[in-house]
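Asks: Let me give you the structure first, and then I'll get to my questions.
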Amino acid sequence: MQTLSITSLIKDSPSAVAILDTQLRFAGNSKVWADEFCPNCESLTGKNYFDVIPRTPKKLKAILENCLNEGVRNLSEGEKFIYPNGEIQWLKWKINAWTDANSEIGGLIVLLEDVTRVKRREELYAKSERVARTGGWEVDMHTNYVYWTDLTRDIHEVSKDFQPNLESGLNFYKKGEHRERITNLVTNAITDGTPWDTELILITAKGNELWVRAKGEVEFINGKCIRIYGTFQDIDEKKKTELDFKRISNRLALATQGANVGIWEYDLISDSLVWDDIMYNLFGIEKIANQTTYDTWLNSVHPDDMERSNQEVEAAISGIKDFDSQFRIIWPNGEIRHIRGIGVTKKNAQGKVVKLVGTNYDITELKNTQMMLQKSEESFHGAFENSDTGMAIVALDGSFEKVNESLCASLGYAEKELLTMNFKEVTHPEDFNDDRSLLKQITKRKRSSYKLEKRYFHKDGHVIHGILTVTAVKDTSGELLHFVSQVTDITPRIKNEKKLSHLVDITTEQNDSLLNFAHIVSHNLRSHSSNLSMLTNFLIKEKSDSERENLLVMLRGATDSLNDTILHLNEVVQVKVGAFEKMKNINLYDAITDVQKNLSILIQEKNAVCEINVPRDLKVRVIPAYLDSIILNLLTNSLKYSSPKRAPLIQISSKIESNAITVSFKDNGLGIDLKRNSDKLFGMYKTFHRNKDAKGIGLFITKNQMEAMNGKIEAESTVDVGSTFKLYFEKPLT
C-alpha cells in the first residue's frame, strides 16, 4: 500500500524519479524519467533497472547495489562518464533506500538527472578561462566582501584560501603610475559609474611583475554604488611581445635611417607605389606627393638591367619567388649607382597577391669592393697556380684545402691525393712539433706568420728539404679562416751542402791521416834512413865477401820495409778519393761467400766454422773493392786471432733498420781489452796481440773505407770471449 502511494505521488513529479524494489525492478517512475532515459518504453513496471538502462556505468551500478544492500544513501552533484564509443555523459543523482511497514528495506528511490549540457558548458567555460588566463572578481560595497575566482588568485600568485579586501587588492598594483591609475579608475566608477578597461602592471605575492588587463563595472541602486565586478586577464606574454615589437620597430626605423635603407610598398589593386623619404634620396629624385608610380621606379633602372628587373617583379607577383634583386640605377645627373632590392608579397583571402612590400639600399661601395676583391682573388689565383714555389691553403685542422702543381711535384702526390691528407702526414716526425708550436702561436694571436726550415716525406719515401713560410688569413672581424703555406724546395741545395760538408770532412780526415801518417813516416824514414846509411857504410868498409853478402841481404830487407811504408801511405791516401762516384748496389751474401771461398784453405787449417745468416737477396750500397777488402780483413782477423782453447766460430748476420743496414761479424777469439785500447782500436800501426804477422794497418784502413762509403764501424769485445764488429751500410737506391 505504501509503495502504491509513493508511486502515485512520483508519477507527475517534475524530476526524473524511479522506485525500485529489492531486485532493482521498477515499481514506479515519473513521466520525466521515462521521457529522459527510456522514451521508447511504454511501461517500466516490473522491468530490471539494468535491462532498461544497459549502459549504466559500473560505478553507478556498484553504488545502486551498495545502497540496496547497506540501506544507505548516496548523493552526487555531477559525475563525468566516458562510454566505450567515446560518448561523454554527466549524471547527477540522489539515491535513498525506502523501508516497508515492517521497517525492512523495500528498495530504492532514485532521483537521476542528465546534466551533460550544463556541465559541458561549465567545463568549456573553465577551459576558456584557463586558456585566456581570465579570472573574475566582485566587491560587495554593502559588506565590503571581496570575491576572487580561483584563476584570479592564481594570477596574483596567492593561496586558494587567500581572502582579499578592496585595499589589499589595489595594493597588488605596481606602486606609482599603475597603482594611482587603478585607484582613480575605481574611485571614478564608484562616484559616477564609469566602467574601465585598462592594462596595468601588478606585483604578485611572489614578487613577480605581471601585465594584466583589468576590466570593471559598477551596479547602482537609488544612485548608490552597491557592487563592483569585473575580470582580470593575464596578458603578460602578449604585452611584453607587443612592447618588444614596438622597441624593435623603433630601432628598425632608426636603423633604416642610419643605414640609408629605403622602404617601399606597391599596391597592385590601385597600381600605386609608396616610397619613404630615403627611397627618394637613394634614387636621386625629388619627392612629389602621390605621383610616384611603378614606371617611376622602372624608368630609373639602367637600360641593361631593366628587362631582367621587370621580370623578377612579375615572378614575385606570380608567386614564383619573392623579389630579391640587384640592379643599377641612373641618377638624373647621369651617375650610376648599384641597388639591392628585397620584397615580399601580401595576399588576400583568396590567395591572390595584392601587394609587394620591401626595401632598397645602396650597395655601390660594396660592388666596387667586390670587383676589387675579385681582381685581387684572380691575381692571387694566378700567382698561386703558376708559382714555381709550392703553395697550399691549409685549413685550421691541418688538412689541405687547395694545392698548386709545384707542391704536388715536390712531394710526388697528385692533387686529389694531397687534398685528402693532413700536413702532418707529409711532415718528418722530428720537425712536426716545431711546426705545430709555431702554428699555435698564430692561432693564439701571438704572431701572424712564421718561417721554418723543415723536412717532408716524398710519396716514394725519400726526404724533401724545404723552407716553409706560413701566413694567417683572417676575415673582416679578425677571425682566423685558414693558412697560406709556401714551400720552397731546397733539397738540391741541402744535398750539395751535405756533399760539400762530406768532402770537407774527408779532406779534414785525409789531412789528419796524412799528418798522422807523416809523423809515422817521418819516424820510420829516419829509422830506415839511419839503417840504410849504417848498412851502406858497413858495406863499403867490409872486405869479406861473405859478410858483404850478408849486408846486402840486410840492405834488401831494409829497402823492402821502406817500400811497404810508402805503399801504406798511398793506400790510405787513395781510400776516400772519388768514393761516391764508385758506389753501387752489391749483393751482400754473394760478396761474403766469395771471400769465404778465397779463405777456404785457411778456414780448414784452423778447423773453423763460418755461419752466414744473411738474406740471399740483400743488397748494400758500397764500393765493391772496399766491401771485399773489409770482409777479407774481418774474416782474416777472426782466424788470425782465434783462441787456442776452442775451435774458431765466426757468425755473420744482418739487420735492416729504418735508415741503414747493419752487418755483424762475431767471433769467439782472443778478444781485445777495450777499456785500455778503445781509443787505439782503429789507429794506424796499432796491434793488440803478439802476432808476428800483425802490422796494425787493417782496421785503420777498414774504418776509412766504411767512412768513405758514408758508413761506420763499431766494435764490442771481451778478452778471451771474442769480438763483434758492426758495419753500418747505406740502403741501396731503388
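How things are named: the first chain in the C-alpha cells is A, the next is B, and so on; residues count from 1 in each chain; ligands count from 1 in the order shown.
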I'd like the contact shell of A:Asn48 - 8 Å cut-off, only C-alpha atoms, skipping same-chain residues fewer than 3 positions apart - returned as an MDAnalysis selection string.
Replies: chainID A and resid 23:26 51:52
Asks: Can those selected residues be exported to a file as a PDB file, in the first residue's frame so that it contains C-alpha atoms?
Replies:
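Wrote it out as again20.pdb, contents follow:
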ATOM      1  CA  GLN A  23      15.508  -6.877  -7.131  1.00  0.00           C
ATOM      2  CA  LEU A  24      16.155  -3.418  -8.605  1.00  0.00           C
ATOM      3  CA  ARG A  25      12.965  -3.733 -10.688  1.00  0.00           C
ATOM      4  CA  PHE A  26      10.866  -0.707 -11.448  1.00  0.00           C
ATOM      5  CA  ASP A  51      17.835  -4.182 -18.558  1.00  0.00           C
ATOM      6  CA  VAL A  52      16.123  -0.850 -19.131  1.00  0.00           C
TER       7      VAL A  52
END
Asks: Considering only helix (DSSP H, G or I) as DSSP defines it on the backbone, what residues of stretch 283-390 of chain A qualify? List them as a ChimeraX atom specification.
Replies: /A:283,294-300,303-317,364-386
Asks: Just to be explicit: take each residue in the selection above, keep N, CA and C atoms, and write the result as a tab-separated table (two decimals), in the first residue's frame.
Replies:
chain	number	residue	atom	x	y	z
A	283	PHE	N	67.31	57.22	-55.02
A	283	PHE	CA	67.15	57.32	-56.47
A	283	PHE	C	67.45	58.72	-57.00
A	294	TYR	N	54.89	52.85	-60.54
A	294	TYR	CA	55.80	51.75	-60.89
A	294	TYR	C	56.75	52.19	-61.99
A	295	ASP	N	56.25	52.99	-62.94
A	295	ASP	CA	57.10	53.48	-64.03
A	295	ASP	C	58.19	54.41	-63.51
A	296	THR	N	57.92	55.12	-62.41
A	296	THR	CA	58.94	55.99	-61.82
A	296	THR	C	60.16	55.15	-61.45
A	297	TRP	N	59.88	53.99	-60.84
A	297	TRP	CA	60.99	53.11	-60.47
A	297	TRP	C	61.65	52.50	-61.70
A	298	LEU	N	60.83	51.94	-62.61
A	298	LEU	CA	61.37	51.20	-63.75
A	298	LEU	C	62.19	52.11	-64.66
A	299	ASN	N	61.77	53.35	-64.83
A	299	ASN	CA	62.50	54.28	-65.70
A	299	ASN	C	63.83	54.72	-65.10
A	300	SER	N	63.99	54.50	-63.78
A	300	SER	CA	65.27	54.86	-63.14
A	300	SER	C	66.29	53.74	-63.27
A	303	PRO	N	69.18	50.74	-68.41
A	303	PRO	CA	68.57	50.02	-69.54
A	303	PRO	C	69.00	48.55	-69.65
A	304	ASP	N	70.26	48.26	-69.31
A	304	ASP	CA	70.75	46.88	-69.41
A	304	ASP	C	70.16	45.97	-68.33
A	305	ASP	N	69.62	46.55	-67.25
A	305	ASP	CA	69.05	45.76	-66.15
A	305	ASP	C	67.53	45.84	-66.12
A	306	MET	N	66.94	46.68	-66.99
A	306	MET	CA	65.51	46.97	-66.90
A	306	MET	C	64.65	45.74	-67.15
A	307	GLU	N	64.92	45.01	-68.24
A	307	GLU	CA	64.08	43.86	-68.58
A	307	GLU	C	64.16	42.78	-67.50
A	308	ARG	N	65.37	42.48	-67.05
A	308	ARG	CA	65.54	41.45	-66.02
A	308	ARG	C	64.83	41.85	-64.73
A	309	SER	N	64.97	43.10	-64.30
A	309	SER	CA	64.35	43.55	-63.07
A	309	SER	C	62.82	43.48	-63.16
A	310	ASN	N	62.29	43.88	-64.31
A	310	ASN	CA	60.84	43.83	-64.51
A	310	ASN	C	60.33	42.38	-64.44
A	311	GLN	N	61.10	41.45	-65.04
A	311	GLN	CA	60.72	40.04	-64.99
A	311	GLN	C	60.76	39.50	-63.56
A	312	GLU	N	61.69	39.96	-62.76
A	312	GLU	CA	61.79	39.50	-61.37
A	312	GLU	C	60.60	39.99	-60.55
A	313	VAL	N	60.13	41.21	-60.83
A	313	VAL	CA	58.93	41.72	-60.15
A	313	VAL	C	57.72	40.89	-60.54
A	314	GLU	N	57.59	40.60	-61.84
A	314	GLU	CA	56.45	39.80	-62.31
A	314	GLU	C	56.49	38.39	-61.73
A	315	ALA	N	57.69	37.83	-61.55
A	315	ALA	CA	57.82	36.49	-60.95
A	315	ALA	C	57.34	36.51	-59.51
A	316	ALA	N	57.63	37.61	-58.80
A	316	ALA	CA	57.18	37.73	-57.41
A	316	ALA	C	55.66	37.85	-57.36
A	317	ILE	N	55.08	38.64	-58.27
A	317	ILE	CA	53.63	38.81	-58.30
A	317	ILE	C	52.94	37.48	-58.63
A	364	THR	N	76.58	50.33	-53.81
A	364	THR	CA	77.61	50.74	-54.77
A	364	THR	C	79.01	50.49	-54.22
A	365	GLU	N	79.25	50.91	-52.98
A	365	GLU	CA	80.58	50.72	-52.40
A	365	GLU	C	80.90	49.24	-52.27
A	366	LEU	N	79.90	48.46	-51.89
A	366	LEU	CA	80.10	47.02	-51.77
A	366	LEU	C	80.47	46.42	-53.12
A	367	LYS	N	79.75	46.85	-54.18
A	367	LYS	CA	80.03	46.34	-55.52
A	367	LYS	C	81.46	46.68	-55.95
A	368	ASN	N	81.84	47.93	-55.69
A	368	ASN	CA	83.20	48.35	-56.05
A	368	ASN	C	84.24	47.52	-55.30
A	369	THR	N	83.96	47.29	-54.01
A	369	THR	CA	84.89	46.49	-53.20
A	369	THR	C	84.93	45.06	-53.70
A	370	GLN	N	83.77	44.52	-54.07
A	370	GLN	CA	83.72	43.14	-54.59
A	370	GLN	C	84.51	43.01	-55.88
A	371	MET	N	84.41	44.03	-56.75
A	371	MET	CA	85.16	43.98	-58.01
A	371	MET	C	86.66	44.04	-57.75
A	372	MET	N	87.05	44.90	-56.78
A	372	MET	CA	88.47	44.96	-56.43
A	372	MET	C	88.92	43.64	-55.82
A	373	LEU	N	88.06	43.07	-54.97
A	373	LEU	CA	88.39	41.79	-54.34
A	373	LEU	C	88.49	40.69	-55.39
A	374	GLN	N	87.59	40.72	-56.36
A	374	GLN	CA	87.61	39.72	-57.42
A	374	GLN	C	88.91	39.80	-58.21
A	375	LYS	N	89.33	41.05	-58.52
A	375	LYS	CA	90.59	41.21	-59.24
A	375	LYS	C	91.75	40.70	-58.39
A	376	SER	N	91.68	41.02	-57.07
A	376	SER	CA	92.73	40.56	-56.17
A	376	SER	C	92.76	39.04	-56.10
A	377	GLU	N	91.56	38.42	-56.02
A	377	GLU	CA	91.49	36.96	-55.97
A	377	GLU	C	92.00	36.34	-57.25
A	378	GLU	N	91.65	36.96	-58.39
A	378	GLU	CA	92.14	36.44	-59.68
A	378	GLU	C	93.65	36.53	-59.75
A	379	SER	N	94.19	37.65	-59.23
A	379	SER	CA	95.64	37.82	-59.22
A	379	SER	C	96.30	36.78	-58.32
A	380	PHE	N	95.69	36.58	-57.13
A	380	PHE	CA	96.23	35.58	-56.19
A	380	PHE	C	96.14	34.18	-56.80
A	381	HIS	N	95.00	33.90	-57.46
A	381	HIS	CA	94.80	32.59	-58.06
A	381	HIS	C	95.86	32.33	-59.12
A	382	GLY	N	96.12	33.35	-59.96
A	382	GLY	CA	97.14	33.19	-60.99
A	382	GLY	C	98.51	32.96	-60.40
A	383	ALA	N	98.85	33.77	-59.37
A	383	ALA	CA	100.14	33.61	-58.72
A	383	ALA	C	100.24	32.25	-58.03
A	384	PHE	N	99.14	31.82	-57.42
A	384	PHE	CA	99.10	30.55	-56.70
A	384	PHE	C	99.34	29.39	-57.66
A	385	GLU	N	98.59	29.37	-58.76
A	385	GLU	CA	98.67	28.24	-59.69
A	385	GLU	C	99.98	28.21	-60.46
A	386	ASN	N	100.52	29.37	-60.80
A	386	ASN	CA	101.68	29.42	-61.69
A	386	ASN	C	103.00	29.60	-60.96
Asks: Which neighbours of stretch 172-187 of chain A fall inside 9 Å, counting only C-alpha atoms, when residues of the same chain fewer than 5 positions from it are skipped, and could you give them as a list of chain:residue names?
Replies: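 In the requested form, the answer reads A:His156, A:Asp192, A:Thr194, A:Pro195, A:Trp196, A:Thr198, A:Glu199, A:Leu200, A:Ile201, A:Leu202, A:Ile203, A:Thr204, A:Ala205, A:Glu209, A:Ala214, A:Gly216, A:Ile228.
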Asks: Could you list, as a PyMOL selection string, every residue within 12 Å of A:Lys61, counting only C-alpha atoms and ignoring same-chain residues fewer than 4 positions away?
Replies: chain A and resi 24+49-51+53-57+65-68+95
Asks: Do a neighbour search on stretch 74-80 of chain A at 12 Å with only C-alpha atoms, toss out local chain neighbours closer than 4 positions, and write the hits as a PDB file with C-alpha atoms, in the first residue's frame.
Replies:
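The resulting file, part.pdb, is shown below:
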ATOM      1  CA  PRO A  57      28.258   2.969 -15.711  1.00  0.00           C
ATOM      2  CA  LYS A  59      30.473   2.922 -10.760  1.00  0.00           C
ATOM      3  CA  LEU A  60      26.780   3.849 -10.624  1.00  0.00           C
ATOM      4  CA  ALA A  62      28.004  -0.510  -7.741  1.00  0.00           C
ATOM      5  CA  ILE A  63      26.510   2.468  -5.883  1.00  0.00           C
ATOM      6  CA  LEU A  64      22.951   1.237  -6.517  1.00  0.00           C
ATOM      7  CA  GLU A  65      23.791  -2.241  -5.250  1.00  0.00           C
ATOM      8  CA  ASN A  66      25.611  -0.869  -2.206  1.00  0.00           C
ATOM      9  CA  CYS A  67      22.716   1.452  -1.262  1.00  0.00           C
ATOM     10  CA  LEU A  68      20.301  -1.501  -1.527  1.00  0.00           C
ATOM     11  CA  GLU A  70      23.528  -1.449   3.184  1.00  0.00           C
ATOM     12  CA  GLU A  87      30.351   9.414 -25.767  1.00  0.00           C
ATOM     13  CA  ILE A  88      30.559  11.645 -22.689  1.00  0.00           C
ATOM     14  CA  GLN A  89      27.718  11.953 -20.192  1.00  0.00           C
ATOM     15  CA  TRP A  90      27.412  13.858 -16.923  1.00  0.00           C
ATOM     16  CA  LEU A  91      24.951  12.395 -14.362  1.00  0.00           C
ATOM     17  CA  LYS A  92      23.641  13.885 -11.137  1.00  0.00           C
ATOM     18  CA  TRP A  93      21.838  11.635  -8.632  1.00  0.00           C
ATOM     19  CA  LYS A  94      20.307  11.216  -5.201  1.00  0.00           C
ATOM     20  CA  ILE A  95      19.704   7.607  -4.080  1.00  0.00           C
ATOM     21  CA  ASN A  96      17.786   6.618  -0.883  1.00  0.00           C
ATOM     22  CA  ALA A  97      16.713   3.250   0.434  1.00  0.00           C
ATOM     23  CA  LEU A 108      15.465   2.323  -3.622  1.00  0.00           C
ATOM     24  CA  ILE A 109      14.215   5.750  -4.580  1.00  0.00           C
ATOM     25  CA  VAL A 110      16.445   7.032  -7.380  1.00  0.00           C
ATOM     26  CA  LEU A 111      16.471  10.679  -8.443  1.00  0.00           C
ATOM     27  CA  LEU A 112      18.608  10.866 -11.630  1.00  0.00           C
ATOM     28  CA  GLU A 113      19.388  13.856 -13.846  1.00  0.00           C
ATOM     29  CA  ASP A 114      21.382  14.122 -17.079  1.00  0.00           C
ATOM     30  CA  VAL A 115      23.352  17.385 -16.591  1.00  0.00           C
ATOM     31  CA  THR A 116      25.680  16.862 -19.586  1.00  0.00           C
ATOM     32  CA  ARG A 117      24.811  20.141 -21.328  1.00  0.00           C
ATOM     33  CA  VAL A 118      25.237  22.229 -18.194  1.00  0.00           C
ATOM     34  CA  LYS A 119      28.484  20.541 -17.174  1.00  0.00           C
ATOM     35  CA  ARG A 120      29.867  20.736 -20.702  1.00  0.00           C
ATOM     36  CA  GLU A 122      30.855  24.810 -17.333  1.00  0.00           C
ATOM     37  CA  GLU A 123      33.819  22.723 -18.464  1.00  0.00           C
TER      38      GLU A 123
END
Asks: Mind the document's chain letters and residue numbers, and return as number ranges by chain the residues of stretch 66-228 of chain A that DSSP labels strand (DSSP E or B).
Replies: A: 74-82, 88-99, 105-114, 134-140, 145-148, 173, 196-203, 209-221, 224-228
Asks: In Å to one decimal, how far is atom CA of A:Arg337 from atom CA of A:Leu282?
Replies: 8.8 Å
Asks: Got a sec: who's within 12 Å of A:Tyr145, counting only C-alpha atoms, leaving out chain neighbours fewer than 6 positions off, as JSON, numbers by chain?
Replies: {"A": [137, 138, 139, 163, 164, 165, 166, 167, 169, 226, 227, 228, 229]}
Asks: Keeping only N, CA and C atoms, write the selected residues to a file as a PDB file, in the first residue's frame.
Replies:
ATOM      1  N   TRP A 137      36.131  38.756 -10.502  1.00  0.00           N
ATOM      2  CA  TRP A 137      36.165  39.313  -9.150  1.00  0.00           C
ATOM      3  C   TRP A 137      34.886  40.118  -8.899  1.00  0.00           C
ATOM      4  N   GLU A 138      34.593  40.338  -7.640  1.00  0.00           N
ATOM      5  CA  GLU A 138      33.402  41.094  -7.270  1.00  0.00           C
ATOM      6  C   GLU A 138      33.602  41.695  -5.882  1.00  0.00           C
ATOM      7  N   VAL A 139      33.107  42.943  -5.719  1.00  0.00           N
ATOM      8  CA  VAL A 139      33.177  43.624  -4.414  1.00  0.00           C
ATOM      9  C   VAL A 139      31.751  44.008  -3.999  1.00  0.00           C
ATOM     10  N   GLN A 163      41.997  35.645   1.331  1.00  0.00           N
ATOM     11  CA  GLN A 163      40.796  36.478   1.312  1.00  0.00           C
ATOM     12  C   GLN A 163      41.197  37.947   1.227  1.00  0.00           C
ATOM     13  N   PRO A 164      41.039  38.577   0.037  1.00  0.00           N
ATOM     14  CA  PRO A 164      41.443  39.975  -0.114  1.00  0.00           C
ATOM     15  C   PRO A 164      40.337  40.931   0.348  1.00  0.00           C
ATOM     16  N   ASN A 165      40.720  42.212   0.481  1.00  0.00           N
ATOM     17  CA  ASN A 165      39.738  43.283   0.620  1.00  0.00           C
ATOM     18  C   ASN A 165      40.049  44.298  -0.467  1.00  0.00           C
ATOM     19  N   LEU A 166      39.247  45.348  -0.560  1.00  0.00           N
ATOM     20  CA  LEU A 166      39.421  46.315  -1.641  1.00  0.00           C
ATOM     21  C   LEU A 166      40.800  46.956  -1.592  1.00  0.00           C
ATOM     22  N   GLU A 167      41.255  47.310  -0.395  1.00  0.00           N
ATOM     23  CA  GLU A 167      42.548  47.986  -0.256  1.00  0.00           C
ATOM     24  C   GLU A 167      43.703  47.067  -0.621  1.00  0.00           C
ATOM     25  N   GLY A 169      43.584  44.477  -2.476  1.00  0.00           N
ATOM     26  CA  GLY A 169      43.518  44.196  -3.900  1.00  0.00           C
ATOM     27  C   GLY A 169      44.181  45.279  -4.725  1.00  0.00           C
ATOM     28  N   ILE A 226      26.359  49.765  -5.195  1.00  0.00           N
ATOM     29  CA  ILE A 226      26.238  48.639  -4.267  1.00  0.00           C
ATOM     30  C   ILE A 226      27.160  47.470  -4.643  1.00  0.00           C
ATOM     31  N   ARG A 227      27.687  47.479  -5.875  1.00  0.00           N
ATOM     32  CA  ARG A 227      28.531  46.355  -6.291  1.00  0.00           C
ATOM     33  C   ARG A 227      29.489  46.787  -7.390  1.00  0.00           C
ATOM     34  N   ILE A 228      30.724  46.274  -7.292  1.00  0.00           N
ATOM     35  CA  ILE A 228      31.722  46.445  -8.358  1.00  0.00           C
ATOM     36  C   ILE A 228      32.143  45.040  -8.789  1.00  0.00           C
ATOM     37  N   TYR A 229      32.207  44.788 -10.071  1.00  0.00           N
ATOM     38  CA  TYR A 229      32.606  43.459 -10.538  1.00  0.00           C
ATOM     39  C   TYR A 229      33.367  43.603 -11.865  1.00  0.00           C
TER      40      TYR A 229
END
Asks: Could you work out how far atom CA of A:Glu157 lies from atom CA of A:Leu210, giving the answer in Å with one decimal?
Replies: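 These two atoms are separated by 10.5 Å.
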Asks: If we count only C-alpha atoms, what is near A:Lys444 at a cut-off of 12 Å, once residues fewer than 4 positions away on the same chain are taken out, given as number ranges by chain?
Replies: A: 437-440, 448-449, 472, 479-480
Asks: Quick one, how far is atom CA of A:Thr491 from atom CA of A:Arg436?
Replies: 21.9 Å
Asks: Which one is closest to A:Ile342: A:Val212, A:Ile263, A:Val301, A:Ile623? Count only C-alpha atoms.
Replies: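 Among the listed residues, A:Ile263 lies closest to A:Ile342.
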